[in-house]
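Q: Below is my_file_25.txt; it holds compact mmCIF, C-alpha atoms and all ligand atoms.
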```
# COMPACT_ATOMS: atom_id res chain seq x y z
CA MET A 20 25.17 -81.00 -42.51
CA ALA A 21 28.13 -80.68 -40.10
CA GLU A 22 29.51 -83.96 -38.76
CA LYS A 23 30.29 -84.66 -35.08
CA VAL A 24 33.87 -83.70 -34.34
CA CYS A 25 35.94 -86.38 -32.62
CA PRO A 26 37.53 -85.13 -29.36
CA LEU A 27 40.81 -86.85 -30.29
CA ALA A 28 41.00 -85.45 -33.80
CA LYS A 29 43.97 -83.13 -33.25
CA LYS A 30 46.12 -85.59 -31.35
CA CYS A 31 45.35 -88.65 -33.43
CA GLY A 32 45.60 -87.26 -36.93
CA GLY A 33 44.01 -90.37 -38.45
CA CYS A 34 41.12 -88.40 -39.97
CA ASP A 35 42.03 -85.58 -42.33
CA TYR A 36 38.43 -84.45 -42.78
CA GLN A 37 37.20 -84.02 -39.21
CA GLY A 38 34.54 -81.32 -38.92
CA ILE A 39 33.89 -81.31 -42.66
CA SER A 40 30.43 -82.35 -43.85
CA TYR A 41 30.34 -85.68 -45.67
CA GLU A 42 29.09 -84.08 -48.89
CA GLU A 43 32.02 -81.70 -48.78
CA GLN A 44 34.43 -84.60 -48.17
CA LEU A 45 33.13 -86.33 -51.28
CA LYS A 46 33.54 -83.19 -53.35
CA LYS A 47 37.11 -82.78 -52.15
CA LYS A 48 37.99 -86.37 -53.10
CA GLU A 49 36.37 -86.12 -56.49
CA ASN A 50 38.30 -82.93 -57.16
CA SER A 51 41.61 -84.41 -56.09
CA VAL A 52 41.08 -87.36 -58.46
CA ARG A 53 40.12 -84.89 -61.20
CA LYS A 54 43.32 -82.94 -60.63
CA LEU A 55 45.43 -86.07 -60.97
CA MET A 56 43.56 -87.76 -63.80
CA LYS A 57 41.85 -85.15 -65.93
CA GLU A 58 44.47 -85.61 -68.64
CA PHE A 59 43.12 -89.16 -69.10
CA GLY A 60 39.43 -88.32 -69.41
CA GLU A 61 36.18 -87.44 -67.63
CA ILE A 62 35.86 -88.28 -63.93
CA ARG A 63 32.56 -89.91 -63.00
CA PRO A 64 30.72 -88.64 -59.91
CA ILE A 65 32.18 -90.32 -56.80
CA ILE A 66 30.24 -93.20 -55.21
CA GLY A 67 29.77 -92.22 -51.57
CA ALA A 68 28.75 -94.19 -48.48
CA ASP A 69 25.21 -94.16 -47.06
CA ASP A 70 26.70 -94.23 -43.57
CA PRO A 71 30.21 -92.78 -43.24
CA TYR A 72 30.67 -93.88 -39.61
CA HIS A 73 32.18 -97.00 -38.00
CA TYR A 74 32.98 -98.65 -41.30
CA ARG A 75 36.40 -100.06 -40.44
CA ASN A 76 36.00 -103.82 -39.98
CA LYS A 77 39.63 -104.10 -38.86
CA VAL A 78 40.83 -102.26 -35.79
CA HIS A 79 44.39 -102.09 -34.63
CA ALA A 80 45.52 -100.85 -31.22
CA VAL A 81 49.05 -100.43 -29.98
CA PHE A 82 49.69 -101.01 -26.30
CA SER A 83 51.99 -98.92 -24.15
CA ARG A 84 52.60 -97.78 -20.58
CA LYS A 85 52.48 -94.27 -19.24
CA ARG A 86 55.22 -93.05 -16.89
CA ASN A 87 52.96 -93.71 -13.90
CA GLY A 88 52.60 -97.33 -14.98
CA GLU A 89 49.06 -97.02 -16.33
CA ILE A 90 48.50 -99.14 -19.44
CA VAL A 91 47.13 -97.34 -22.49
CA SER A 92 45.92 -98.61 -25.83
CA GLY A 93 45.32 -96.61 -28.95
CA ILE A 94 47.14 -95.44 -32.02
CA TYR A 95 50.49 -93.89 -32.77
CA GLN A 96 50.28 -90.14 -33.11
CA GLU A 97 50.94 -89.41 -36.77
CA GLY A 98 54.63 -89.44 -37.59
CA THR A 99 55.66 -90.43 -34.04
CA HIS A 100 55.81 -93.44 -31.79
CA LYS A 101 53.78 -91.71 -29.07
CA VAL A 102 50.57 -93.57 -28.26
CA VAL A 103 47.34 -91.55 -28.23
CA PRO A 104 44.86 -93.40 -25.98
CA VAL A 105 41.72 -94.30 -27.97
CA ASP A 106 38.74 -96.13 -26.49
CA ALA A 107 36.21 -95.22 -29.17
CA CYS A 108 36.56 -94.00 -32.72
CA GLN A 109 34.10 -92.60 -35.25
CA ILE A 110 35.27 -94.78 -38.10
CA GLU A 111 36.13 -98.05 -36.35
CA ASN A 112 33.81 -100.97 -35.68
CA GLU A 113 32.36 -100.27 -32.23
CA LYS A 114 32.40 -103.86 -31.03
CA ALA A 115 36.09 -104.13 -31.92
CA ASP A 116 36.83 -101.00 -29.90
CA GLU A 117 35.00 -102.48 -26.90
CA ILE A 118 37.00 -105.69 -27.15
CA ILE A 119 40.28 -103.79 -27.15
CA VAL A 120 39.26 -101.97 -23.96
CA SER A 121 38.37 -105.33 -22.37
CA VAL A 122 41.77 -106.79 -23.30
CA ARG A 123 43.45 -103.80 -21.69
CA LYS A 124 41.43 -104.18 -18.50
CA LEU A 125 42.34 -107.86 -18.23
CA LEU A 126 46.08 -107.32 -18.52
CA LYS A 127 46.57 -106.23 -14.93
CA SER A 128 44.90 -109.20 -13.28
CA PHE A 129 46.81 -111.57 -15.57
CA LYS A 130 50.04 -109.68 -14.84
CA ILE A 131 50.78 -109.30 -18.52
CA LYS A 132 53.30 -106.61 -19.27
CA VAL A 133 53.05 -104.47 -22.34
CA TYR A 134 56.00 -104.33 -24.69
CA ASP A 135 58.42 -101.45 -24.47
CA GLU A 136 59.78 -100.52 -27.90
CA ASP A 137 62.96 -99.00 -26.49
CA THR A 138 64.03 -101.76 -24.15
CA GLY A 139 62.38 -104.70 -25.94
CA TYR A 140 61.00 -105.78 -22.55
CA GLY A 141 57.37 -106.85 -22.08
CA LEU A 142 54.95 -109.15 -23.91
CA LEU A 143 51.89 -107.54 -25.52
CA ARG A 144 52.64 -105.27 -28.48
CA HIS A 145 49.40 -104.82 -30.39
CA VAL A 146 45.87 -106.12 -30.59
CA LEU A 147 44.13 -106.53 -33.91
CA VAL A 148 40.41 -107.18 -34.13
CA ARG A 149 38.86 -108.22 -37.44
CA THR A 150 35.12 -108.50 -37.86
CA GLY A 151 32.97 -110.13 -40.51
CA TYR A 152 30.35 -107.55 -41.45
CA MET A 153 27.81 -110.04 -42.79
CA THR A 154 28.63 -113.04 -40.60
CA GLY A 155 29.27 -111.24 -37.31
CA GLN A 156 32.36 -113.40 -36.77
CA ILE A 157 35.17 -111.77 -34.78
CA MET A 158 38.88 -112.54 -34.67
CA VAL A 159 41.15 -111.19 -31.93
CA VAL A 160 44.87 -111.26 -32.70
CA LEU A 161 47.17 -110.71 -29.74
CA VAL A 162 50.53 -109.61 -31.12
CA VAL A 163 53.22 -110.64 -28.65
CA SER A 164 56.99 -110.50 -28.45
CA SER A 165 57.30 -114.14 -27.33
CA PRO A 166 55.13 -117.24 -27.80
CA ILE A 167 54.91 -117.80 -24.05
CA PHE A 168 51.69 -116.19 -22.92
CA PRO A 169 51.00 -116.95 -19.24
CA SER A 170 47.60 -118.57 -18.46
CA LYS A 171 46.58 -118.15 -22.08
CA ASN A 172 43.55 -120.42 -21.81
CA ASN A 173 42.22 -118.58 -18.80
CA PHE A 174 42.88 -115.27 -20.53
CA VAL A 175 40.81 -116.36 -23.51
CA LYS A 176 38.10 -117.64 -21.20
CA ALA A 177 37.96 -114.32 -19.33
CA LEU A 178 37.86 -112.35 -22.57
CA ARG A 179 35.12 -114.54 -24.00
CA ALA A 180 33.13 -114.22 -20.78
CA HIS A 181 32.91 -110.49 -21.57
CA HIS A 182 32.47 -111.03 -25.31
CA PRO A 183 30.96 -114.41 -26.18
CA GLU A 184 30.67 -113.13 -29.76
CA ILE A 185 34.43 -113.61 -30.31
CA SER A 186 34.81 -116.53 -32.72
CA THR A 187 38.56 -116.99 -32.70
CA VAL A 188 41.64 -115.82 -30.80
CA VAL A 189 45.12 -115.96 -32.34
CA LEU A 190 48.54 -115.32 -30.84
CA ASN A 191 50.80 -113.67 -33.40
CA VAL A 192 54.47 -113.74 -32.53
CA ASN A 193 56.41 -110.66 -33.57
CA ASP A 194 59.82 -110.75 -31.89
CA ARG A 195 61.47 -108.29 -34.24
CA LYS A 196 62.26 -104.64 -33.75
CA THR A 197 60.11 -103.52 -36.62
CA SER A 198 57.24 -101.19 -37.35
CA MET A 199 55.36 -104.06 -39.04
CA VAL A 200 52.42 -104.94 -36.82
CA LEU A 201 52.24 -108.67 -37.47
CA GLY A 202 55.03 -111.21 -37.27
CA PRO A 203 55.20 -114.37 -39.37
CA ARG A 204 53.96 -116.92 -36.82
CA ASN A 205 50.34 -117.51 -35.74
CA ILE A 206 49.24 -119.79 -32.91
CA THR A 207 45.50 -120.36 -32.63
CA LEU A 208 44.34 -120.19 -29.00
CA TYR A 209 40.63 -120.53 -29.64
CA GLY A 210 38.39 -121.25 -32.64
CA LYS A 211 39.42 -121.72 -36.26
CA GLY A 212 42.23 -119.19 -36.56
CA TYR A 213 40.40 -117.19 -39.23
CA ILE A 214 37.05 -115.50 -39.77
CA GLU A 215 34.68 -115.59 -42.69
CA ASP A 216 32.69 -112.88 -44.39
CA ARG A 217 30.18 -112.84 -47.19
CA LEU A 218 30.76 -110.47 -50.09
CA CYS A 219 28.88 -110.26 -53.41
CA GLY A 220 27.22 -113.60 -52.66
CA CYS A 221 30.46 -115.54 -51.95
CA MET A 222 31.91 -116.67 -48.61
CA PHE A 223 35.50 -115.71 -47.90
CA ARG A 224 37.89 -117.00 -45.31
CA ILE A 225 40.23 -114.32 -43.94
CA SER A 226 43.40 -115.25 -42.04
CA PRO A 227 45.27 -112.85 -39.71
CA THR A 228 47.81 -111.56 -42.25
CA SER A 229 45.64 -111.72 -45.37
CA PHE A 230 44.50 -108.48 -46.92
CA TYR A 231 40.77 -107.84 -46.88
CA GLN A 232 39.11 -104.54 -47.78
CA ILE A 233 38.31 -102.62 -44.60
CA ASN A 234 34.97 -101.14 -45.69
CA PRO A 235 32.76 -104.07 -46.73
CA VAL A 236 29.68 -102.07 -47.74
CA GLN A 237 31.67 -99.90 -50.12
CA THR A 238 33.69 -102.91 -51.31
CA GLU A 239 30.55 -104.46 -52.78
CA LYS A 240 29.90 -101.24 -54.68
CA LEU A 241 33.53 -101.17 -55.80
CA TYR A 242 33.51 -104.74 -57.12
CA LYS A 243 30.12 -104.33 -58.78
CA THR A 244 31.45 -101.22 -60.55
CA ALA A 245 34.54 -103.13 -61.67
CA MET A 246 32.37 -105.99 -63.04
CA MET A 247 30.00 -103.63 -64.79
CA LEU A 248 32.89 -101.84 -66.50
CA ALA A 249 34.57 -105.13 -67.51
CA ARG A 250 31.43 -106.51 -69.24
CA LEU A 251 32.65 -110.08 -68.94
CA ASN A 252 31.37 -113.05 -70.92
CA LYS A 253 31.59 -116.84 -70.85
CA ARG A 254 34.48 -116.97 -73.33
CA ASN A 255 36.78 -114.69 -71.30
CA VAL A 256 40.08 -115.72 -69.75
CA VAL A 257 40.72 -113.38 -66.84
CA VAL A 258 43.72 -112.54 -64.64
CA ASP A 259 43.15 -111.19 -61.11
CA ALA A 260 46.50 -109.62 -60.24
CA TYR A 261 47.31 -108.70 -56.62
CA CYS A 262 44.30 -110.83 -55.76
CA GLY A 263 44.56 -111.12 -51.94
CA ILE A 264 42.13 -113.84 -50.80
CA GLY A 265 40.66 -114.00 -54.31
CA THR A 266 37.64 -111.74 -53.90
CA ILE A 267 37.60 -109.99 -57.29
CA GLY A 268 38.51 -113.15 -59.20
CA MET A 269 35.79 -115.17 -57.51
CA VAL A 270 33.14 -112.60 -58.28
CA ALA A 271 34.33 -112.58 -61.91
CA ALA A 272 34.54 -116.39 -62.12
CA LYS A 273 30.76 -116.69 -62.10
CA THR A 274 30.53 -115.14 -65.58
CA VAL A 275 33.75 -116.14 -67.35
CA LYS A 276 35.53 -119.22 -68.68
CA GLU A 277 38.61 -119.13 -66.51
CA VAL A 278 40.32 -116.99 -63.85
CA ILE A 279 43.95 -117.03 -62.71
CA GLY A 280 44.73 -115.11 -59.53
CA VAL A 281 48.24 -114.07 -58.49
CA GLU A 282 49.26 -112.89 -55.04
CA LEU A 283 52.51 -112.54 -53.08
CA ASN A 284 51.30 -113.35 -49.56
CA ALA A 285 51.27 -117.15 -49.10
CA GLU A 286 48.66 -117.08 -46.33
CA ALA A 287 46.31 -115.05 -48.56
CA VAL A 288 46.84 -117.57 -51.40
CA ARG A 289 45.90 -120.43 -49.07
CA ASP A 290 42.76 -118.49 -48.13
CA ALA A 291 42.02 -117.90 -51.83
CA GLN A 292 42.35 -121.61 -52.65
CA SER A 293 40.16 -122.59 -49.75
CA ASN A 294 37.63 -119.93 -50.79
CA ALA A 295 37.44 -121.35 -54.31
CA ARG A 296 36.72 -124.85 -52.94
CA ARG A 297 34.26 -123.51 -50.41
CA ASN A 298 32.25 -121.72 -53.08
CA ASN A 299 32.52 -124.67 -55.42
CA MET A 300 34.32 -122.71 -58.13
CA LYS A 301 36.23 -124.95 -60.49
CA ASN A 302 37.30 -122.41 -63.09
CA ILE A 303 39.66 -120.41 -60.86
CA ARG A 304 43.20 -121.09 -59.70
CA PHE A 305 45.74 -119.13 -57.71
CA VAL A 306 49.47 -118.68 -58.02
CA GLN A 307 51.72 -117.46 -55.23
CA GLY A 308 54.38 -115.01 -56.35
CA ASP A 309 55.20 -111.55 -57.57
CA ALA A 310 52.57 -110.35 -60.04
CA GLY A 311 55.23 -108.81 -62.32
CA VAL A 312 57.25 -112.03 -62.52
CA PHE A 313 54.08 -114.03 -63.13
CA LEU A 314 52.97 -111.75 -65.96
CA GLU A 315 56.43 -111.84 -67.54
CA GLY A 316 56.09 -115.64 -67.64
CA MET A 317 52.68 -115.38 -69.27
CA ALA A 318 54.06 -112.97 -71.87
CA ASP A 319 57.00 -115.33 -72.62
CA ARG A 320 54.63 -118.27 -73.07
CA GLU A 321 52.42 -116.09 -75.28
CA GLU A 322 49.35 -116.95 -73.25
CA ALA A 323 46.13 -115.24 -74.32
CA VAL A 324 44.22 -113.19 -71.75
CA ASP A 325 41.05 -111.20 -72.39
CA VAL A 326 40.69 -109.13 -69.23
CA VAL A 327 43.17 -108.23 -66.50
CA PHE A 328 41.95 -106.93 -63.15
CA MET A 329 44.76 -105.33 -61.21
CA ASP A 330 44.55 -104.03 -57.65
CA PRO A 331 48.10 -103.31 -56.48
CA PRO A 332 49.13 -101.90 -53.09
CA ARG A 333 49.65 -98.16 -52.61
CA SER A 334 53.02 -98.18 -54.34
CA GLY A 335 51.24 -99.09 -57.58
CA SER A 336 52.34 -101.64 -60.13
CA SER A 337 55.90 -102.50 -61.18
CA PRO A 338 57.65 -101.69 -64.49
CA GLU A 339 57.89 -105.46 -65.26
CA PHE A 340 54.16 -105.88 -64.73
CA LEU A 341 53.24 -102.96 -66.97
CA LYS A 342 55.72 -103.97 -69.64
CA SER A 343 54.37 -107.52 -69.74
CA LEU A 344 50.81 -106.21 -69.84
CA LEU A 345 51.69 -104.32 -73.01
CA VAL A 346 53.09 -107.55 -74.49
CA ILE A 347 50.10 -109.72 -73.52
CA ARG A 348 47.70 -107.03 -74.77
CA PRO A 349 44.43 -108.05 -73.07
CA LYS A 350 41.35 -106.44 -74.61
CA LYS A 351 40.51 -104.77 -71.31
CA ILE A 352 42.30 -103.78 -68.14
CA VAL A 353 40.36 -102.86 -65.02
CA TYR A 354 42.76 -101.04 -62.72
CA ILE A 355 41.56 -100.64 -59.12
CA SER A 356 43.70 -98.48 -56.90
CA CYS A 357 43.75 -97.05 -53.38
CA GLU A 358 46.38 -94.49 -54.43
CA PRO A 359 45.34 -92.41 -57.44
CA GLU A 360 48.79 -90.84 -57.58
CA THR A 361 50.63 -94.07 -58.42
CA GLN A 362 47.72 -95.13 -60.60
CA ALA A 363 48.06 -91.94 -62.66
CA ARG A 364 51.78 -92.72 -63.00
CA ASP A 365 51.01 -96.24 -64.28
CA LEU A 366 48.29 -94.98 -66.64
CA LYS A 367 50.91 -92.83 -68.37
CA THR A 368 52.71 -96.06 -69.34
CA LEU A 369 49.55 -97.90 -70.39
CA LYS A 370 47.99 -95.10 -72.40
CA LYS A 371 50.46 -95.77 -75.22
CA ASP A 372 48.37 -98.77 -76.29
CA TYR A 373 45.19 -98.32 -74.24
CA LYS A 374 42.32 -95.88 -74.16
CA VAL A 375 41.01 -94.77 -70.77
CA GLU A 376 37.25 -95.38 -71.03
CA ALA A 377 36.08 -94.64 -67.50
CA ILE A 378 37.42 -93.25 -64.23
CA GLN A 379 35.20 -94.00 -61.26
CA PRO A 380 36.15 -92.78 -57.76
CA VAL A 381 34.66 -94.74 -54.83
CA ASP A 382 34.81 -93.55 -51.23
CA MET A 383 36.10 -96.47 -49.18
CA PHE A 384 37.58 -94.35 -46.39
CA PRO A 385 35.23 -91.59 -45.15
CA PHE A 386 36.85 -88.89 -42.97
CA THR A 387 40.27 -89.54 -44.49
CA GLU A 388 41.54 -87.97 -47.66
CA LYS A 389 42.21 -91.38 -49.21
CA CYS A 390 40.25 -92.32 -52.30
CA GLU A 391 39.77 -95.53 -54.26
CA THR A 392 39.42 -95.41 -58.05
CA VAL A 393 38.43 -97.90 -60.73
CA VAL A 394 39.72 -97.22 -64.22
CA LEU A 395 38.66 -99.10 -67.33
CA LEU A 396 41.18 -99.27 -70.17
CA THR A 397 40.47 -100.78 -73.58
CA ARG A 398 43.05 -101.81 -76.16
CA LYS A 399 43.55 -99.49 -79.09
CA GLU A 400 43.21 -101.52 -82.28
N1 LIG A 501 42.36 -107.54 -54.75
C1 LIG A 501 42.39 -107.82 -53.35
C2 LIG A 501 43.66 -107.35 -52.63
C3 LIG A 501 44.14 -105.97 -52.93
S1 LIG A 501 45.39 -105.35 -51.85
C4 LIG A 501 41.15 -107.29 -52.67
O1 LIG A 501 40.40 -106.49 -53.24
O2 LIG A 501 40.89 -107.67 -51.54
C5 LIG A 501 46.86 -105.66 -52.68
C6 LIG A 501 47.35 -107.09 -52.57
O3 LIG A 501 48.57 -107.17 -53.33
C7 LIG A 501 47.70 -107.58 -51.17
O4 LIG A 501 47.02 -108.78 -50.93
C8 LIG A 501 49.23 -107.79 -51.22
O5 LIG A 501 49.64 -108.90 -50.41
C9 LIG A 501 49.45 -108.07 -52.68
N2 LIG A 501 50.79 -107.77 -53.20
C10 LIG A 501 51.66 -106.81 -52.83
N3 LIG A 501 52.74 -106.81 -53.64
C11 LIG A 501 52.56 -107.79 -54.55
C12 LIG A 501 53.34 -108.27 -55.64
N4 LIG A 501 54.51 -107.74 -55.95
N5 LIG A 501 52.85 -109.29 -56.37
C13 LIG A 501 51.64 -109.86 -56.08
N6 LIG A 501 50.86 -109.43 -55.05
C14 LIG A 501 51.31 -108.42 -54.28
```
Any chance you could put this one into structure tokens?

A:
Amino acid sequence: MAEKVCPLAKKCGGCDYQGISYEEQLKKKENSVRKLMKEFGEIRPIIGADDPYHYRNKVHAVFSRKRNGEIVSGIYQEGTHKVVPVDACQIENEKADEIIVSVRKLLKSFKIKVYDEDTGYGLLRHVLVRTGYMTGQIMVVLVVSSPIFPSKNNFVKALRAHHPEISTVVLNVNDRKTSMVLGPRNITLYGKGYIEDRLCGCMFRISPTSFYQINPVQTEKLYKTAMMLARLNKRNVVVDAYCGIGTIGMVAAKTVKEVIGVELNAEAVRDAQSNARRNNMKNIRFVQGDAGVFLEGMADREEAVDVVFMDPPRSGSSPEFLKSLLVIRPKKIVYISCEPETQARDLKTLKKDYKVEAIQPVDMFPFTEKCETVVLLTRKE
């Protein structure tokens, strides 16, 4: 069946697979994983989404001004800093899109200027909306160039009058000339400063800069696949490397002896620790730091680990991490990746001592060519 084609597809460039049926998209992804990984073993049939639309729980809009002074919000055209106006998107959460339009409409009456990247003049740079799929909670992050936001309380009031469903509003100060969306400082204007979502039976707190998977329905399938492959038991000591807010580790903690999570982002680690308390999990702890350095330490101390879950960013894992993994020699490694190319690179290092038992692609990002994969490796005896 042909899918509806987005009128902005050409200009925006965010979706690689516009106009291609969903079945065909899945085939393409499976084939691209096969091309990259066939040397390691069979590729399992890809796990697709029941509904490929509006899955993105996190929506980001950049704000800009046209020559005639009209304010626009949308996304950067691929490879440029030109803003393509977007009011609605096939893959984004619809409520989040509506909120961004409301923010834009309010700017004029509050005389809030949008930031100009060239001159550095103006206040509002981006708006980020994060939504809890199961809880319905909504966080609006106003990314500004300076912490002084005129009539901020009235602005929040006006925004909430249109959208009473907003649970928290945060001012994020980004005063640097950078392409990073969020700056280091958050000021809560309304609510708790974070949202919560329920995943695989656990509640998770998510702060503005913490990583959280953007497709919650597929994330449950991804984590369940990872757990099924790992076949954990009550005697296992488990490491959750690149753990974010602790999601994978917390799901694993229910069936194992002990979990240690490691994560670089301090805000995410605070979320993870709070999440462990919240879900009453006593057999999990989190360490803030580089996963490679942490694993090197474990290898030096000759600590025993049974299973390592690793879920690095797109750049893949580091040589130190992989080297230490080969010293620690866990029985199983479950490698989750959003970039099969770097994963294939890392598998080449690991295959010296490990056997690739399963390669499972999961579609987390319909309409884009991106693909998630879970790979199970077992130690060669
Ligand atoms: N497993 C989590 C997060 C995966 S995203 C989940 O499923 O939600 C990758 C995470 O790795 C991010 O939270 C990022 O902050 C973290 N990260 C990036 N580089 C890192 C490093 N060198 N050491 C530890 N964590 C890192």

Q: May I ask which of the residues A:Met300, A:Ala363, A:Leu344, A:Leu218 is the closest one to ligand LIG 501 (chain A), counting only C-alpha atoms and all ligand atoms?

A: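 Using only C-alpha atoms and all ligand atoms, ligand LIG 501 (chain A) sits closest to A:Leu218.
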
Q: As a VMD selection string, please: every protein or nucleic acid residue near ligand LIG 501 (chain A) (cut-off 7 Å, counting all atoms listed in the file).

A: chain A and resid 229 to 232 260 to 267 281 to 284 287 308 to 311 330 to 332

Q: Around the point (33.6, -111.5, -46.3) in the file's coordinates, collect all residues with an atom within 8 Å, using all atoms listed in the file, and return them as a short mmCIF file (atom, residue, chain, number, x, y, z; two decimals) with C-alpha atoms, in the frame of the given file.

A:
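Saved to selection.cif:
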```
data_model
loop_
_atom_site.label_atom_id
_atom_site.label_comp_id
_atom_site.auth_asym_id
_atom_site.auth_seq_id
_atom_site.Cartn_x
_atom_site.Cartn_y
_atom_site.Cartn_z
CA GLY A 151 32.97 -110.13 -40.51
CA TYR A 152 30.35 -107.55 -41.45
CA MET A 153 27.81 -110.04 -42.79
CA THR A 154 28.63 -113.04 -40.60
CA GLU A 215 34.68 -115.59 -42.69
CA ASP A 216 32.69 -112.88 -44.39
CA ARG A 217 30.18 -112.84 -47.19
CA LEU A 218 30.76 -110.47 -50.09
CA CYS A 221 30.46 -115.54 -51.95
CA MET A 222 31.91 -116.67 -48.61
CA PHE A 223 35.50 -115.71 -47.90
CA ARG A 224 37.89 -117.00 -45.31
CA ILE A 225 40.23 -114.32 -43.94
CA PRO A 235 32.76 -104.07 -46.73
#
```

Q: Quick one, how far is atom CA of A:Ile131 from atom CA of A:Ile185?

A: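 Interatomic distance, atom CA of A:Ile131 to atom CA of A:Ile185: 20.6 Å.
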
Q: Within 10 Å of A:Gly220, counting all atoms listed in the file, which residues show up once you throw out same-chain ones fewer than 4 positions away? Write them as a ChimeraX atom specification, please.

A: /A:216,239,269-270,298

Q: Atom CA of A:Val120 to atom CA of A:Cys108: how many Å, to one decimal?

A: 12.1 Å

Q: What's the 12 Å shell around A:Gly268, counting all atoms listed in the file, without same-chain residues fewer than 6 positions away, as a count of residues only?

A: 38

Q: Would you list the contacts of A:Ser121 as a PyMOL selection string, taking every protein, DNA or RNA residue within 10 Å and counting all atoms listed in the file, but skipping same-chain residues closer than 2 positions in sequence?

A: chain A and resi 115-119+123-126+177-179+181-182

Q: Would you export the selected residues with C-alpha atoms as a PDB file, in the coordinates of the input, please?

A:
```pdb
ATOM      1  CA  ALA A 115      36.090-104.130 -31.920  1.00  0.00           C
ATOM      2  CA  ASP A 116      36.830-101.000 -29.900  1.00  0.00           C
ATOM      3  CA  GLU A 117      35.000-102.480 -26.900  1.00  0.00           C
ATOM      4  CA  ILE A 118      37.000-105.690 -27.150  1.00  0.00           C
ATOM      5  CA  ILE A 119      40.280-103.790 -27.150  1.00  0.00           C
ATOM      6  CA  ARG A 123      43.450-103.800 -21.690  1.00  0.00           C
ATOM      7  CA  LYS A 124      41.430-104.180 -18.500  1.00  0.00           C
ATOM      8  CA  LEU A 125      42.340-107.860 -18.230  1.00  0.00           C
ATOM      9  CA  LEU A 126      46.080-107.320 -18.520  1.00  0.00           C
ATOM     10  CA  ALA A 177      37.960-114.320 -19.330  1.00  0.00           C
ATOM     11  CA  LEU A 178      37.860-112.350 -22.570  1.00  0.00           C
ATOM     12  CA  ARG A 179      35.120-114.540 -24.000  1.00  0.00           C
ATOM     13  CA  HIS A 181      32.910-110.490 -21.570  1.00  0.00           C
ATOM     14  CA  HIS A 182      32.470-111.030 -25.310  1.00  0.00           C
TER      15      HIS A 182
END
```

Q: Which of these residues is nearest to A:Ala377, using all atoms listed in the file: A:Met199, A:Ala249, A:Val91, A:Leu345?

A: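 Nearest to A:Ala377: A:Ala249.
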
Q: Please list as a PyMOL selection string every residue within 6 Å of stretch 391-399 of chain A, counting only C-alpha atoms and excluding residues in the same chain fewer than 5 positions away.

A: chain A and resi 350-357+372-381

Q: Rank A:Gly60, A:Pro203, A:Gly316, A:Gly67 by their smallest atom-to-atom distance to A:Cys390, using all atoms listed in the file, and report the top residue only.

A: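 The answer is A:Gly67, which sits nearest to A:Cys390.
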